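One structure below.
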Number of protein chains: 4
Amino acid sequence: MQLLINPSDELPIYRQIMRQITEAIAGGRLKSGDKLTSHRELSEQLVIAPLTVKKAYDELEALGFIETQRGRGTFVCATLPQPNLEKQIGQIQAAARKLLSQAYLAGLGFPDVVKALEQADRELTEGPAAPQEKESV
Amino acid sequence: MQLLINPSDELPIYRQIMRQITEAIAGGRLKSGDKLTSHRELSEQLVIAPLTVKKAYDELEALGFIETQRGRGTFVCATLPQPNLEKQIGQIQAAARKLLSQAYLAGLGFPDVVKALEQADRELTEGPAAPQEKESV
Amino acid sequence: MQLLINPSDELPIYRQIMRQITEAIAGGRLKSGDKLTSHRELSEQLVIAPLTVKKAYDELEALGFIETQRGRGTFVCATLPQPNLEKQIGQIQAAARKLLSQAYLAGLGFPDVVKALEQADRELTEGPAAPQEKESV
Amino acid sequence: MQLLINPSDELPIYRQIMRQITEAIAGGRLKSGDKLTSHRELSEQLVIAPLTVKKAYDELEALGFIETQRGRGTFVCATLPQPNLEKQIGQIQAAARKLLSQAYLAGLGFPDVVKALEQADRELTEGPAAPQEKESV
DNA sequence: GTGGTCTAGACCACC
DNA sequence: GTGGTCTAGACCACG
């Protein structure tokens, strides 16, 4: 797992970590049972405080994506959470609306957004080509 | 303009207001020259502190979406900001990746996401059917 | 809310806080909508680090017992989590088994345990009379 | 003795072993003088490190439940420890309070808890029907 | 004043 | 080595 974090991003570092790991799972680059880098080692790689990585791991565990075995490490769960579909769909609708309004305000059209999605699909599968971008409205 | 805010949402209230107004502009429900509800009146409608609405308006003004005319009120700008396209495209890519990973983790596929986009397009045009959803990863 | 913590207890401090708050909710001493002491103020009262209280609050929020509104405070949720009954029953069975085996090993009988339960019921309703006890096997 | 361990349980593995053995003693399934599986053999059965089993046995020995006879094996003590009754009663009260608050939060009532106790009594006597459950608040 | 985030460093329990 | 917990202090965003 190669992660990229951007300390000056508006999104908190622990969230950047969470997002990149869930994206790796969504894209199939992390599979059930895979061992994650220990939070200490990852904190050294990323040059951030161990607690920051730990917080990301803790939240991912609470969400059911990963589980820890004391003394052994942290692993991608065998059975990923099958979240409340209704809630999820609400969130997905919200994300879709945000994406679309951003695009429209930038003068882009619906087909441009679909192209962006196709690009995103490639990135999920192959790993990000570029660093995380800043959030906006 | 009917706005919906959720005080326990992770997104700050002033951001919720900003987002709903920019979405209304993107969807064509608010057009150049339209007058916005005064921040005083809006704060009463939403039962929140006037300063919170004012902050949303201030930020929207700084971004070039709206402008204040002293003694007359606040209006949607005649010429909307044409933001740095590069930056915007980066953000749109990020939003697309987030949207897609959420959907994949929920077990949905690419076509489902395109359908969600089409639904979002309708909502932008006609106004939201449902309240804003909480952010997630 | 008057809380009692015991730093030399085997149970982590943040767990002691969680337990006392959930017990207060279970016993009806804290009701939906009640405002909790801010995590800073509570940390002063208990003479512990603010982060320790915050961790307890964070976990309780993740479990759905309380919710926070930025800048306003933390409140008992209007609708308490109706957790997976199956899981809960499993945990309750485990707790019952633990309780009973402890009692049997101490030479007590089933009726003694029922008496202990009745005493516990009173404590839940009226607030604890004694400090938290140490966990054992 | 058939033991069940769950590496991702919050309760340390050596504690899971201790608890299951003390419960077997409390339920009468293990009696004074009975020979325990050797820690070597048990570690193979459970697919865990031998040191982990040894630690459980060591602690049980320190508590006076079992005793090692060099070259012969490990046995349940002839005279079980008669622990400090006061301390025990305090712990039992705490466990009772925890059990009850869990049940109340799950919407169960006092009689349901008594039923759970009766079920627990059967399990202690006949051996567990289900795997150990995860601890919660 | 409230919560949100982060740091640097420490000690312990577990495997 | 791993994760679990705690401290003391800091800065920022929000209402």
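Letters for chains follow the order of the structure tokens (A, B, ...), residue numbers begin at 1 for each chain, and ligand numbers begin at 1 in the order shown.
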Could you list the residues in chain A lying within 8 Å of chain E, using only C-alpha atoms (C1' of nucleotides), and format the result as a PDB file with C-alpha atoms, in the first residue's frame?
```pdb
ATOM      1  CA  PRO A  12      -8.150  15.828   7.969  1.00  0.00           C
ATOM      2  CA  ALA A  49       2.075  11.039  14.431  1.00  0.00           C
ATOM      3  CA  THR A  52      -3.213   9.958  13.586  1.00  0.00           C
ATOM      4  CA  ARG A  70      -3.715  -7.787  19.315  1.00  0.00           C
ATOM      5  CA  GLY A  71      -0.058  -8.469  18.849  1.00  0.00           C
ATOM      6  CA  ARG A  72      -0.590  -9.730  15.294  1.00  0.00           C
TER       7      ARG A  72
END
```
Practice item. List every residue of chain A that DSSP, applied to the backbone of this structure, assigns to strand (DSSP E or B), and report them as a list in words. Key: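 Written out, the strand (DSSP E or B) residues of chain A are Lys35, Ile66, Glu67, Thr68, Gln69, Gly73, Thr74, Phe75 and Val76 of chain A.
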Could you write out that same residue set with N, CA, C and O atoms as a compact mmCIF listing (two decimals), in the first residue's frame?
```
# COMPACT_ATOMS: atom_id res chain seq x y z
N LYS A 35 -3.14 -8.00 5.17
CA LYS A 35 -2.64 -7.33 6.35
C LYS A 35 -2.29 -5.88 6.01
O LYS A 35 -1.67 -5.61 4.98
N ILE A 66 -12.01 -3.12 8.64
CA ILE A 66 -10.80 -3.84 9.05
C ILE A 66 -11.00 -4.35 10.48
O ILE A 66 -11.89 -3.90 11.19
N GLU A 67 -10.16 -5.31 10.86
CA GLU A 67 -10.22 -5.76 12.24
C GLU A 67 -8.80 -5.99 12.75
O GLU A 67 -7.90 -6.29 12.00
N THR A 68 -8.63 -5.80 14.07
CA THR A 68 -7.29 -5.93 14.60
C THR A 68 -7.21 -7.16 15.48
O THR A 68 -8.17 -7.54 16.13
N GLN A 69 -6.05 -7.77 15.47
CA GLN A 69 -5.78 -8.88 16.38
C GLN A 69 -4.57 -8.46 17.18
O GLN A 69 -3.48 -8.31 16.63
N GLY A 73 -1.61 -7.77 14.33
CA GLY A 73 -1.71 -6.76 13.28
C GLY A 73 -3.15 -6.44 12.94
O GLY A 73 -4.08 -6.85 13.64
N THR A 74 -3.31 -5.74 11.84
CA THR A 74 -4.62 -5.28 11.41
C THR A 74 -4.90 -5.82 10.02
O THR A 74 -4.01 -5.79 9.16
N PHE A 75 -6.12 -6.31 9.81
CA PHE A 75 -6.42 -7.00 8.57
C PHE A 75 -7.74 -6.52 7.95
O PHE A 75 -8.64 -6.10 8.68
N VAL A 76 -7.82 -6.62 6.63
CA VAL A 76 -9.09 -6.33 5.97
C VAL A 76 -10.09 -7.41 6.37
O VAL A 76 -9.75 -8.60 6.35
```
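The two atoms in question, atom CA of Ser8 of chain D and atom CA of Ala96 of chain D, are spaced 25.4 Å apart.
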Point to revise | Residue neighbourhood segment 15-21 of chain D, 10 Å, only C-alpha atoms (C1' of nucleotides), exclusion window fewer than 6 positions, as an MDAnalysis selection string | key: (chainID C and resid 98 101:102 136:137) or (chainID D and resid 1:7 9 27 29:30 36 52:53 55:60 65:66 76 124 127:128 132)
Which residues of chain B have any atom within 9 Å of an atom in chain A when counting only C-alpha atoms, and what is the closest pair of atoms for each, with the distance in Å to one decimal? Order the rows by chain and rising number and write it as JSON lines.
```
{"residue": "B:Arg15", "atom": "CA", "partner": "A:Val137", "partner_atom": "CA", "distance": 6.8}
{"residue": "B:Gln16", "atom": "CA", "partner": "A:Val137", "partner_atom": "CA", "distance": 8.6}
{"residue": "B:Met18", "atom": "CA", "partner": "A:Val137", "partner_atom": "CA", "distance": 7.0}
{"residue": "B:Arg19", "atom": "CA", "partner": "A:Val137", "partner_atom": "CA", "distance": 5.8}
{"residue": "B:Thr22", "atom": "CA", "partner": "A:Ser101", "partner_atom": "CA", "distance": 7.4}
{"residue": "B:Glu23", "atom": "CA", "partner": "A:Ser101", "partner_atom": "CA", "distance": 5.5}
{"residue": "B:Ala24", "atom": "CA", "partner": "A:Ser101", "partner_atom": "CA", "distance": 8.5}
{"residue": "B:Ile25", "atom": "CA", "partner": "A:Leu105", "partner_atom": "CA", "distance": 7.9}
{"residue": "B:Ala26", "atom": "CA", "partner": "A:Ser101", "partner_atom": "CA", "distance": 5.2}
{"residue": "B:Gly27", "atom": "CA", "partner": "A:Ser101", "partner_atom": "CA", "distance": 7.1}
{"residue": "B:Leu80", "atom": "CA", "partner": "A:Leu105", "partner_atom": "CA", "distance": 8.3}
{"residue": "B:Pro81", "atom": "CA", "partner": "A:Leu105", "partner_atom": "CA", "distance": 8.4}
{"residue": "B:Gln82", "atom": "CA", "partner": "A:Ala106", "partner_atom": "CA", "distance": 6.6}
{"residue": "B:Pro83", "atom": "CA", "partner": "A:Ala106", "partner_atom": "CA", "distance": 6.6}
{"residue": "B:Asn84", "atom": "CA", "partner": "A:Ala106", "partner_atom": "CA", "distance": 8.5}
{"residue": "B:Leu85", "atom": "CA", "partner": "A:Ala106", "partner_atom": "CA", "distance": 6.9}
{"residue": "B:Lys87", "atom": "CA", "partner": "A:Glu133", "partner_atom": "CA", "distance": 8.4}
{"residue": "B:Gln88", "atom": "CA", "partner": "A:Ala106", "partner_atom": "CA", "distance": 6.9}
{"residue": "B:Ile89", "atom": "CA", "partner": "A:Ala103", "partner_atom": "CA", "distance": 8.1}
{"residue": "B:Gly90", "atom": "CA", "partner": "A:Glu133", "partner_atom": "CA", "distance": 6.1}
{"residue": "B:Gln91", "atom": "CA", "partner": "A:Glu133", "partner_atom": "CA", "distance": 5.7}
{"residue": "B:Ile92", "atom": "CA", "partner": "A:Leu99", "partner_atom": "CA", "distance": 6.3}
{"residue": "B:Gln93", "atom": "CA", "partner": "A:Ala116", "partner_atom": "CA", "distance": 5.9}
{"residue": "B:Ala94", "atom": "CA", "partner": "A:Glu133", "partner_atom": "CA", "distance": 6.2}
{"residue": "B:Ala95", "atom": "CA", "partner": "A:Leu99", "partner_atom": "CA", "distance": 5.9}
{"residue": "B:Ala96", "atom": "CA", "partner": "A:Leu117", "partner_atom": "CA", "distance": 5.4}
{"residue": "B:Arg97", "atom": "CA", "partner": "A:Ala120", "partner_atom": "CA", "distance": 4.8}
{"residue": "B:Lys98", "atom": "CA", "partner": "A:Glu23", "partner_atom": "CA", "distance": 7.6}
{"residue": "B:Leu99", "atom": "CA", "partner": "A:Ala95", "partner_atom": "CA", "distance": 5.8}
{"residue": "B:Leu100", "atom": "CA", "partner": "A:Asp121", "partner_atom": "CA", "distance": 7.1}
{"residue": "B:Ser101", "atom": "CA", "partner": "A:Ala26", "partner_atom": "CA", "distance": 5.3}
{"residue": "B:Gln102", "atom": "CA", "partner": "A:Ile92", "partner_atom": "CA", "distance": 7.0}
{"residue": "B:Ala103", "atom": "CA", "partner": "A:Ile92", "partner_atom": "CA", "distance": 6.8}
{"residue": "B:Tyr104", "atom": "CA", "partner": "A:Ala26", "partner_atom": "CA", "distance": 5.7}
{"residue": "B:Leu105", "atom": "CA", "partner": "A:Ala26", "partner_atom": "CA", "distance": 5.4}
{"residue": "B:Ala106", "atom": "CA", "partner": "A:Gln82", "partner_atom": "CA", "distance": 6.7}
{"residue": "B:Gly107", "atom": "CA", "partner": "A:Gln82", "partner_atom": "CA", "distance": 8.2}
{"residue": "B:Phe110", "atom": "CA", "partner": "A:Asp121", "partner_atom": "CA", "distance": 8.5}
{"residue": "B:Val113", "atom": "CA", "partner": "A:Ala96", "partner_atom": "CA", "distance": 8.1}
{"residue": "B:Val114", "atom": "CA", "partner": "A:Val114", "partner_atom": "CA", "distance": 7.4}
{"residue": "B:Ala116", "atom": "CA", "partner": "A:Gln93", "partner_atom": "CA", "distance": 6.0}
{"residue": "B:Leu117", "atom": "CA", "partner": "A:Ala96", "partner_atom": "CA", "distance": 5.5}
{"residue": "B:Glu118", "atom": "CA", "partner": "A:Phe110", "partner_atom": "CA", "distance": 8.7}
{"residue": "B:Gln119", "atom": "CA", "partner": "A:Gln93", "partner_atom": "CA", "distance": 7.8}
{"residue": "B:Ala120", "atom": "CA", "partner": "A:Arg97", "partner_atom": "CA", "distance": 4.8}
{"residue": "B:Asp121", "atom": "CA", "partner": "A:Arg97", "partner_atom": "CA", "distance": 7.0}
{"residue": "B:Glu123", "atom": "CA", "partner": "A:Arg97", "partner_atom": "CA", "distance": 7.7}
{"residue": "B:Leu124", "atom": "CA", "partner": "A:Arg97", "partner_atom": "CA", "distance": 7.0}
{"residue": "B:Ala130", "atom": "CA", "partner": "A:Gly90", "partner_atom": "CA", "distance": 8.7}
{"residue": "B:Gln132", "atom": "CA", "partner": "A:Ala94", "partner_atom": "CA", "distance": 6.8}
{"residue": "B:Glu133", "atom": "CA", "partner": "A:Gln91", "partner_atom": "CA", "distance": 5.6}
{"residue": "B:Lys134", "atom": "CA", "partner": "A:Gln91", "partner_atom": "CA", "distance": 6.7}
{"residue": "B:Glu135", "atom": "CA", "partner": "A:Gln91", "partner_atom": "CA", "distance": 6.9}
{"residue": "B:Ser136", "atom": "CA", "partner": "A:Gln91", "partner_atom": "CA", "distance": 7.6}
{"residue": "B:Val137", "atom": "CA", "partner": "A:Arg19", "partner_atom": "CA", "distance": 5.8}
```
Exercise for review: Identify all chain F residues at most 12 Å from chain A by counting only C-alpha atoms (C1' of nucleotides); ligands do not count. Present them as a list in words.
Suggested key: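 Contact residues on the first chain: DG1, DT2, DG3, DG4, DT5, DC6, DC12 and DA13 of chain F.
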Exercise for review: Can you work out the spacing between atom CA of Leu11 of chain A and atom CA of Tyr14 of chain B in Å, to one decimal?
Suggested key: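 Here the two named atoms are 17.0 Å from each other.
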Point to revise | Atom pair atom CA of Gly64 of chain D / atom CA of Ala78 of chain D: separation (Å) | key: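 If I compute the distance from atom CA of Gly64 of chain D to atom CA of Ala78 of chain D, I get 9.9 Å.
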